[in-house]
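Dumped query-v3.txt below, it's compact mmCIF, C-alpha atoms:
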# COMPACT_ATOMS: atom_id res chain seq x y z
CA MET S 45 0.00 0.00 0.00
CA LYS S 46 1.09 3.56 -0.67
CA TYR S 47 -1.13 5.21 1.96
CA ASP S 48 -1.85 4.54 5.61
CA ILE S 49 -4.64 6.62 7.13
CA ILE S 50 -4.34 6.99 10.90
CA ILE S 51 -7.65 7.58 12.68
CA PRO S 52 -7.59 8.34 16.43
CA ILE S 53 -10.90 7.46 18.11
CA TYR S 54 -12.20 8.54 21.50
CA ASN S 55 -15.89 8.68 22.45
CA ILE S 56 -17.19 9.99 19.11
CA HIS S 57 -19.78 7.35 18.23
CA LYS S 58 -22.18 9.94 16.78
CA GLU S 59 -19.62 11.15 14.23
CA LEU S 60 -17.43 8.09 13.68
CA GLY S 61 -19.63 6.28 11.17
CA LYS S 62 -19.60 9.20 8.75
CA CYS S 63 -15.83 9.51 9.08
CA LEU S 64 -15.13 5.84 8.37
CA GLU S 65 -17.71 5.72 5.58
CA SER S 66 -16.02 8.65 3.84
CA ILE S 67 -12.78 6.67 3.88
CA SER S 68 -14.25 3.35 2.78
CA GLN S 69 -15.96 5.03 -0.20
CA GLN S 70 -12.83 6.73 -1.55
CA SER S 71 -12.61 6.59 -5.33
CA TYR S 72 -8.97 5.55 -4.92
CA GLY S 73 -9.10 2.42 -2.83
CA LYS S 74 -5.53 1.30 -2.23
CA PHE S 75 -5.03 2.25 1.41
CA ARG S 76 -4.92 0.94 4.97
CA ALA S 77 -7.10 2.58 7.60
CA ILE S 78 -5.45 2.26 11.01
CA MET S 79 -8.15 2.89 13.62
CA VAL S 80 -6.70 3.61 17.07
CA ASP S 81 -9.28 3.42 19.85
CA ASP S 82 -7.84 5.49 22.69
CA GLY S 83 -9.84 3.78 25.44
CA SER S 84 -13.34 4.82 24.38
CA THR S 85 -16.20 4.17 26.80
CA ASP S 86 -19.09 4.72 24.37
CA GLN S 87 -20.18 2.79 21.26
CA SER S 88 -17.19 3.90 19.17
CA PRO S 89 -15.39 0.50 19.46
CA CYS S 90 -18.45 -1.34 18.10
CA ILE S 91 -18.63 0.96 15.07
CA ALA S 92 -14.91 0.63 14.37
CA LYS S 93 -14.94 -3.15 14.77
CA CYS S 94 -17.84 -3.43 12.31
CA PHE S 95 -15.82 -1.62 9.65
CA ALA S 96 -12.81 -3.84 10.35
CA ALA S 97 -14.99 -6.96 10.06
CA LYS S 98 -16.50 -6.05 6.69
CA ASP S 99 -13.52 -4.31 5.04
CA PRO S 100 -10.00 -5.84 5.24
CA ARG S 101 -8.45 -2.41 4.59
CA PHE S 102 -9.61 -1.31 8.06
CA GLU S 103 -7.58 -2.40 11.09
CA TYR S 104 -8.80 -1.88 14.66
CA TYR S 105 -6.47 -1.38 17.63
CA ARG S 106 -7.39 -0.54 21.19
CA LYS S 107 -5.10 1.03 23.78
CA GLU S 108 -5.32 2.69 27.17
CA ASN S 109 -6.34 6.32 27.05
CA GLY S 110 -3.30 8.52 26.43
CA GLY S 111 -4.67 11.44 24.41
CA LEU S 112 -4.66 12.41 20.75
CA SER S 113 -0.88 12.62 20.37
CA ASP S 114 -0.38 9.21 21.92
CA ALA S 115 -3.02 7.68 19.64
CA ARG S 116 -1.38 9.18 16.56
CA ASN S 117 2.02 7.87 17.65
CA TYR S 118 0.51 4.43 18.16
CA GLY S 119 -0.85 4.57 14.62
CA ILE S 120 2.53 5.60 13.25
CA ALA S 121 4.10 2.58 14.97
CA LYS S 122 1.59 0.31 13.21
CA SER S 123 2.08 1.95 9.80
CA SER S 124 4.18 0.65 6.92
CA SER S 125 3.13 2.54 3.78
CA GLU S 126 5.05 5.22 1.94
CA TYR S 127 2.77 8.08 2.96
CA LEU S 128 0.72 8.80 6.08
CA LEU S 129 -2.48 10.78 6.42
CA PHE S 130 -4.19 11.70 9.68
CA VAL S 131 -7.98 11.90 9.91
CA ASP S 132 -9.64 12.76 13.22
CA GLY S 133 -12.54 10.42 13.92
CA ASP S 134 -15.15 13.19 14.04
CA ASP S 135 -14.15 14.66 10.65
CA PHE S 136 -14.46 13.22 7.14
CA LEU S 137 -12.84 13.21 3.70
CA GLU S 138 -14.13 14.31 0.34
CA LYS S 139 -14.86 11.30 -1.88
CA HIS S 140 -12.00 11.95 -4.30
CA ALA S 141 -9.45 13.02 -1.68
CA LEU S 142 -7.09 10.07 -2.13
CA SER S 143 -7.44 10.17 -5.91
CA VAL S 144 -6.29 13.79 -5.97
CA ILE S 145 -3.44 13.06 -3.56
CA GLU S 146 -2.35 10.03 -5.59
CA GLN S 147 -2.36 12.00 -8.82
CA GLU S 148 -0.28 14.79 -7.28
CA LEU S 149 2.25 12.51 -5.59
CA SER S 150 2.62 10.27 -8.64
CA GLN S 151 3.58 13.29 -10.72
CA CYS S 152 5.67 14.94 -8.01
CA PRO S 153 6.57 12.75 -5.00
CA VAL S 154 7.29 15.43 -2.39
CA ASP S 155 7.95 14.83 1.30
CA VAL S 156 4.87 16.79 2.37
CA LEU S 157 1.81 17.48 0.25
CA GLU S 158 -0.47 20.03 1.85
CA PHE S 159 -4.04 20.65 0.73
CA ASN S 160 -7.08 22.67 1.73
CA GLY S 161 -10.24 21.75 3.60
CA TRP S 162 -13.72 22.89 4.54
CA ILE S 163 -14.83 24.05 7.98
CA VAL S 164 -18.20 22.41 8.62
CA GLU S 165 -20.84 23.68 11.05
CA ASP S 166 -24.27 22.10 11.49
CA GLY S 167 -23.66 20.00 8.38
CA GLU S 168 -22.84 23.01 6.18
CA LYS S 169 -19.50 23.90 4.61
CA ILE S 170 -19.16 27.46 5.80
CA ARG S 171 -15.67 28.44 4.60
CA ARG S 172 -12.31 27.17 3.42
CA PHE S 173 -9.76 26.32 6.07
CA ASN S 174 -6.86 28.11 4.34
CA HIS S 175 -7.66 31.53 2.87
CA TYR S 176 -4.09 32.43 1.94
CA TYR S 177 -3.15 30.03 -0.86
CA ILE S 178 0.61 30.47 -0.60
CA ASP S 179 2.23 29.66 -3.98
CA ALA S 180 -0.19 26.87 -4.84
CA GLY S 181 1.38 24.18 -7.02
CA LYS S 182 4.97 25.27 -6.39
CA VAL S 183 7.49 22.84 -4.87
CA LYS S 184 9.62 24.43 -2.14
CA ASN S 185 12.28 23.45 0.31
CA GLY S 186 10.65 22.89 3.70
CA LYS S 187 12.47 25.77 5.40
CA ASP S 188 11.48 28.20 2.64
CA TYR S 189 7.90 26.97 2.80
CA LEU S 190 7.77 27.60 6.55
CA LEU S 191 9.33 31.06 6.30
CA ASP S 192 7.13 32.14 3.39
CA ASN S 193 3.95 31.08 5.18
CA VAL S 194 4.96 32.77 8.40
CA LYS S 195 5.73 35.99 6.50
CA ALA S 196 2.28 35.76 4.91
CA LYS S 197 0.76 35.91 8.43
CA LEU S 198 -0.55 32.35 8.61
CA LEU S 199 0.98 28.98 9.25
CA VAL S 200 -1.47 26.11 8.68
CA SER S 201 -0.37 23.71 11.41
CA ALA S 202 -3.23 21.20 11.20
CA VAL S 203 -1.78 17.76 10.47
CA TRP S 204 -4.99 16.53 8.83
CA VAL S 205 -4.46 18.66 5.70
CA LYS S 206 -1.16 16.95 4.91
CA ALA S 207 0.09 13.74 3.31
CA VAL S 208 3.52 13.07 4.83
CA ARG S 209 6.25 10.70 3.71
CA ARG S 210 6.43 8.10 6.47
CA SER S 211 10.24 7.88 6.46
CA LEU S 212 10.44 11.61 7.24
CA ILE S 213 8.61 10.95 10.51
CA THR S 214 10.16 7.64 11.51
CA GLY S 215 13.67 8.41 10.28
CA HIS S 216 13.86 11.52 12.43
CA ARG S 217 11.71 10.09 15.25
CA HIS S 218 9.46 13.07 14.78
CA TYR S 219 6.51 12.03 16.90
CA PHE S 220 3.76 14.00 18.62
CA GLU S 221 4.36 15.13 22.19
CA LYS S 222 2.12 13.13 24.50
CA GLY S 223 -0.37 14.99 26.68
CA LEU S 224 -0.09 18.28 24.79
CA LEU S 225 -2.99 20.29 23.40
CA HIS S 226 -2.26 22.22 20.20
CA GLU S 227 0.25 19.47 19.40
CA ASP S 228 0.10 20.22 15.67
CA GLU S 229 1.49 23.72 16.29
CA LEU S 230 4.66 22.21 17.72
CA TRP S 231 4.91 19.25 15.34
CA THR S 232 4.29 20.99 12.01
CA PRO S 233 7.01 23.70 11.99
CA LYS S 234 9.58 21.07 12.87
CA LEU S 235 8.20 18.82 10.11
CA TYR S 236 8.73 21.55 7.51
CA LEU S 237 12.28 22.12 8.67
CA LEU S 238 12.99 18.40 8.23
CA ALA S 239 11.43 18.22 4.75
CA ASP S 240 13.41 18.63 1.54
CA THR S 241 10.29 19.21 -0.56
CA VAL S 242 6.85 20.61 0.29
CA LYS S 243 3.98 21.43 -2.03
CA TYR S 244 0.58 23.04 -1.43
CA ILE S 245 -2.50 22.49 -3.60
CA ASP S 246 -5.53 24.74 -3.16
CA THR S 247 -8.04 21.90 -3.28
CA CYS S 248 -10.47 21.12 -0.44
CA LEU S 249 -10.10 17.43 0.41
CA TYR S 250 -10.84 17.41 4.15
CA ASN S 251 -13.89 18.39 6.21
CA TYR S 252 -13.14 19.78 9.66
CA VAL S 253 -16.29 19.49 11.75
CA GLN S 254 -16.92 22.08 14.46
CA ARG S 255 -18.31 20.12 17.39
CA GLU S 256 -19.44 21.30 20.82
CA GLY S 257 -17.50 19.61 23.58
CA SER S 258 -14.38 18.99 21.49
CA ILE S 259 -10.97 19.72 23.00
CA MET S 260 -10.50 22.92 21.01
CA HIS S 261 -13.99 24.31 21.75
CA ARG S 262 -14.20 24.09 25.53
CA ALA S 263 -15.81 27.00 27.32
CA ASP S 264 -12.84 27.22 29.67
CA LYS S 265 -9.85 28.10 27.49
CA THR S 266 -7.31 28.23 30.33
CA GLU S 267 -5.79 24.83 29.66
CA ASN S 268 -5.61 25.52 25.91
CA VAL S 269 -3.77 28.77 26.61
CA ARG S 270 -1.27 27.15 28.96
CA HIS S 271 -0.44 24.45 26.43
CA ALA S 272 -0.13 26.99 23.60
CA LYS S 273 2.32 29.03 25.66
CA LYS S 274 4.36 25.92 26.38
CA ILE S 275 4.65 25.34 22.64
CA PHE S 276 5.79 28.91 21.97
CA TYR S 277 8.59 28.53 24.51
CA GLN S 278 9.64 25.18 23.03
CA LEU S 279 9.67 26.55 19.49
CA GLU S 280 11.68 29.60 20.56
CA LYS S 281 14.35 27.30 22.01
CA TYR S 282 14.24 25.07 18.94
CA TYR S 283 14.59 27.94 16.45
CA ARG S 284 17.53 29.37 18.38
CA SER S 285 19.27 25.99 18.24
CA LEU S 286 19.19 25.84 14.43
CA SER S 287 21.69 27.14 11.91
CA LEU S 288 19.49 29.94 10.61
CA THR S 289 20.41 33.39 9.41
CA ARG S 290 19.59 36.29 11.71
CA SER S 291 16.80 37.34 9.35
CA GLN S 292 15.28 33.86 9.21
CA ARG S 293 15.32 33.47 12.98
CA SER S 294 13.79 36.92 13.37
CA ILE S 295 10.90 36.00 11.08
CA LEU S 296 10.10 32.88 13.10
CA THR S 297 10.51 34.32 16.58
CA SER S 298 8.59 37.50 15.73
CA TYR S 299 5.71 35.29 14.66
CA LEU S 300 5.88 33.56 18.06
CA SER S 301 5.73 36.92 19.84
CA ARG S 302 2.56 37.83 17.91
CA GLN S 303 1.04 34.48 18.76
CA MET S 304 1.84 35.02 22.42
CA VAL S 305 0.07 38.38 22.44
CA SER S 306 -2.97 36.86 20.72
CA ILE S 307 -3.23 33.80 22.96
CA CYS S 308 -3.07 35.92 26.11
CA GLN S 309 -6.46 37.38 25.09
CA VAL S 310 -8.19 34.01 25.19
CA ALA S 311 -8.29 33.10 28.89
CA GLU S 312 -8.82 35.87 31.41
CA THR S 313 -7.73 33.67 34.32
CA GLU S 314 -4.40 32.93 32.64
CA GLY S 315 -3.57 36.29 31.07
CA MET S 316 0.00 37.43 30.51
CA THR S 317 2.63 36.62 33.11
CA PRO S 318 5.90 38.54 33.61
CA LYS S 319 7.66 35.60 31.92
CA ASP S 320 5.36 35.93 28.90
CA ARG S 321 6.03 39.67 28.74
CA LYS S 322 9.78 39.03 28.60
CA PHE S 323 9.19 36.45 25.86
CA ILE S 324 7.35 39.04 23.75
CA LEU S 325 9.96 41.73 24.36
CA ARG S 326 12.93 39.60 23.30
CA ASN S 327 11.21 38.16 20.23
CA ALA S 328 9.39 41.17 18.74
CA ARG S 329 11.67 42.06 15.82
CA ASN S 330 9.45 43.71 13.21
CA ILE S 331 6.88 46.50 13.08
CA ARG S 332 3.89 44.16 13.22
CA SER S 333 5.16 42.34 16.31
CA ILE S 334 6.22 45.52 18.08
CA GLY S 335 2.89 47.18 17.25
CA LYS S 336 0.87 44.30 18.67
CA MET S 337 3.06 44.25 21.75
CA LEU S 338 2.62 47.97 22.41
CA LEU S 339 -1.15 47.85 21.89
CA TYR S 340 -1.48 45.04 24.37
CA PHE S 341 0.79 46.65 26.96
CA LEU S 342 -1.08 49.98 26.71
CA SER S 343 -4.57 48.52 27.00
CA PRO S 344 -5.04 44.76 27.36
CA SER S 345 -8.82 45.05 27.73
CA HIS S 346 -9.14 47.06 24.49
CA TYR S 347 -6.44 45.26 22.52
CA GLN S 348 -8.79 43.56 20.06
CA THR S 349 -10.69 46.76 19.25
CA LEU S 350 -7.48 48.76 18.82
CA SER S 351 -5.92 46.03 16.70
CA GLU S 352 -8.90 45.95 14.33
CA ALA S 353 -8.79 49.74 14.02
CA MET S 354 -5.08 49.64 13.18
CA LYS S 355 -5.69 47.07 10.45
CA LYS S 356 -7.87 49.61 8.64
CA ILE S 357 -5.07 52.16 8.73
CA ILE S 358 -2.04 49.99 7.93
CA LYS S 359 -1.35 46.37 7.10
CA PHE S 360 -1.00 45.32 10.70
Any chance you could put this one into structure tokens?
Amino acid sequence: MKYDIIIPIYNIHKELGKCLESISQQSYGKFRAIMVDDGSTDQSPCIAKCFAAKDPRFEYYRKENGGLSDARNYGIAKSSSEYLLFVDGDDFLEKHALSVIEQELSQCPVDVLEFNGWIVEDGEKIRRFNHYYIDAGKVKNGKDYLLDNVKAKLLVSAVWVKAVRRSLITGHRHYFEKGLLHEDELWTPKLYLLADTVKYIDTCLYNYVQREGSIMHRADKTENVRHAKKIFYQLEKYYRSLSLTRSQRSILTSYLSRQMVSICQVAETEGMTPKDRKFILRNARNIRSIGKMLLYFLSPSHYQTLSEAMKKIIKF
């Protein structure tokens, strides 16, 4: 097989059937679906086992609960195909997703093929996931791809809009950090920096379902904020350990400073600590980062309003 599809599963029995059906009905059928049940306590195991029983391409594995990262790593350990895709068990694929991916990779076998997706709410596709379309169809070195996307104000970290060469992950032991929320935001930049070739196609192949109660949509954002901050500190250390030019490092760390300012708005109970303030000060290296920093320092409670006003005046 050329493709292994890793599907983490945890208490999503209402959504799981649609996810697995979208995979089983792919117009390109040469794949393995590695279903990793992360200790579900609902009817998810029954649904997954039914697919495994009727379709030999589907393999069911059950493990103790360890979180999304741990489930993905378990799936990687069970994989053997040339390319890996990651599909969360409450999302689903477009019918021709694998056909498009196969056509692209047959013509140009890059290390990472990135594509677009739909954000789905109440069964409706409301907007595209990536609005920026950075150099669609152009093959780039992974470092250049990362820098260009960061300069364009958006880095699409989501692992489920990527087909990744398996050897790139296993050869570098580039696994997901266990127990970490926002794990894609730590994993993806490092992936790009390991990749020799990356290509983006502006084609929607994935459906990201907005679901109440999911990890990323909890009412209390404090834990999300704490984990995001942890990632920013890890990436800062990582970027400073690499052989980058001063300009390249500045681009990456300035982006982290802007992310830190933004994430501090999310959870009032967490806010910005003195340590976070020092992080922003040492990493703000361009006008956009410095501007965001100053707006937040001057008026944290009115930061969002002031930021939106500034965008109308300059490209902020």
Dump as a tab-separated table the rows for residues of segment 178-274 of chain S within 8 Å of segment 108-127 of chain S: closest atom pair and distance in Å with one decimal, all atoms listed in the file counted, ordered by chain and rising residue number.
residue	atom	partner	partner_atom	distance
S:Ala207	CA	S:Tyr127	CA	6.3
S:Val208	CA	S:Tyr127	CA	5.4
S:Arg209	CA	S:Tyr127	CA	4.4
S:Arg210	CA	S:Tyr127	CA	5.1
S:Ser211	CA	S:Glu126	CA	7.4
S:Tyr219	CA	S:Asn117	CA	6.2
S:Phe220	CA	S:Ser113	CA	5.1
S:Glu221	CA	S:Ser113	CA	6.1
S:Lys222	CA	S:Ser113	CA	5.1
S:Gly223	CA	S:Gly111	CA	6.0
S:Leu224	CA	S:Ser113	CA	7.2
S:Glu227	CA	S:Ser113	CA	7.0
Restricting the calculation to only C-alpha atoms, which member of S:Leu238, S:Val194, S:Leu230, S:Val253 is positioned closest to Phe276 of chain S?
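For Phe276 of chain S, the nearest of the given residues is S:Leu230.
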Non-local contacts of Gln303 of chain S (12 Å; only C-alpha atoms; under 4 positions in same chain excluded) as an mmCIF file with C-alpha atoms, in the coordinates of the input:
data_model
loop_
_atom_site.group_PDB
_atom_site.id
_atom_site.type_symbol
_atom_site.label_atom_id
_atom_site.label_comp_id
_atom_site.auth_asym_id
_atom_site.auth_seq_id
_atom_site.Cartn_x
_atom_site.Cartn_y
_atom_site.Cartn_z
ATOM 1 C CA VAL S 194 4.960 32.770 8.400
ATOM 2 C CA LYS S 197 0.760 35.910 8.430
ATOM 3 C CA LEU S 198 -0.550 32.350 8.610
ATOM 4 C CA LEU S 199 0.980 28.980 9.250
ATOM 5 C CA GLU S 229 1.490 23.720 16.290
ATOM 6 C CA VAL S 269 -3.770 28.770 26.610
ATOM 7 C CA ALA S 272 -0.130 26.990 23.600
ATOM 8 C CA LYS S 273 2.320 29.030 25.660
ATOM 9 C CA LYS S 274 4.360 25.920 26.380
ATOM 10 C CA ILE S 275 4.650 25.340 22.640
ATOM 11 C CA PHE S 276 5.790 28.910 21.970
ATOM 12 C CA TYR S 277 8.590 28.530 24.510
ATOM 13 C CA LEU S 279 9.670 26.550 19.490
ATOM 14 C CA GLU S 280 11.680 29.600 20.560
ATOM 15 C CA LEU S 296 10.100 32.880 13.100
ATOM 16 C CA THR S 297 10.510 34.320 16.580
ATOM 17 C CA SER S 298 8.590 37.500 15.730
ATOM 18 C CA TYR S 299 5.710 35.290 14.660
ATOM 19 C CA ILE S 307 -3.230 33.800 22.960
ATOM 20 C CA CYS S 308 -3.070 35.920 26.110
ATOM 21 C CA GLN S 309 -6.460 37.380 25.090
ATOM 22 C CA VAL S 310 -8.190 34.010 25.190
ATOM 23 C CA ASP S 320 5.360 35.930 28.900
ATOM 24 C CA PHE S 323 9.190 36.450 25.860
ATOM 25 C CA ILE S 324 7.350 39.040 23.750
ATOM 26 C CA ASN S 327 11.210 38.160 20.230
ATOM 27 C CA ALA S 328 9.390 41.170 18.740
ATOM 28 C CA ARG S 332 3.890 44.160 13.220
ATOM 29 C CA SER S 333 5.160 42.340 16.310
ATOM 30 C CA LYS S 336 0.870 44.300 18.670
ATOM 31 C CA MET S 337 3.060 44.250 21.750
#
Please identify every residue of segment 132-181 of chain S that has at least one atom no farther than 12 Å from an atom of segment 80-102 of chain S, counting only C-alpha atoms, and for each give the shortest atom pair and the distance in Å to one decimal, arranged by chain then increasing number, as a tab-separated table.
residue	atom	partner	partner_atom	distance
S:Asp132	CA	S:Val80	CA	10.4
S:Gly133	CA	S:Val80	CA	9.5
S:Asp134	CA	S:Ser88	CA	10.8
Between atom CA of Arg171 of chain S and atom CA of Ile245 of chain S lies a distance of 16.6 Å
(11.3, 20.2, 3.4) in this file's frame - what residues fall within 8 Å of it? Use only C-alpha atoms and give the answer as a ChimeraX atom specification.
/S:155-156,184-187,189,235-242
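Near segment 290-292 of chain S, within 10 Å and counting only C-alpha atoms, sit S:Lys187, S:Asp188, S:Leu191, S:Tyr283, S:Arg284, S:Ser287, S:Leu288, S:Ser294, S:Ile295, S:Leu296, S:Thr297, S:Arg329; same-chain residues fewer than 2 positions away were not included.
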If we count all atoms listed in the file, what is near Ile170 of chain S at a cut-off of 12 Å, once residues fewer than 6 positions away on the same chain are taken out, given as a list in words?
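Final neighbour list, sorted by chain and number: Gly161, Trp162, Ile163, Val164, Asn251, Tyr252, Val253 and Gln254 of chain S.
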Here's a test: counting all atoms listed in the file, identify every protein, DNA and RNA residue with an atom at most 12 Å from (-7.0, 9.2, 7.7) in the file's coordinate frame, and state them as an NGL selection string.
:S and (47-53 or 63-68 or 70 or 75-80 or 102 or 116 or 119-120 or 123 or 127-138 or 141-142 or 203-208 or 249-251)
Quote the spacing between atom CA of Lys169 of chain S and atom CA of His226 of chain S in Å to one decimal place.
23.3 Å
Suppose you want the space between atom CA of Val154 of chain S and atom CA of Val183 of chain S; what is it in Å?
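Distance between the two atoms: 7.8 Å.
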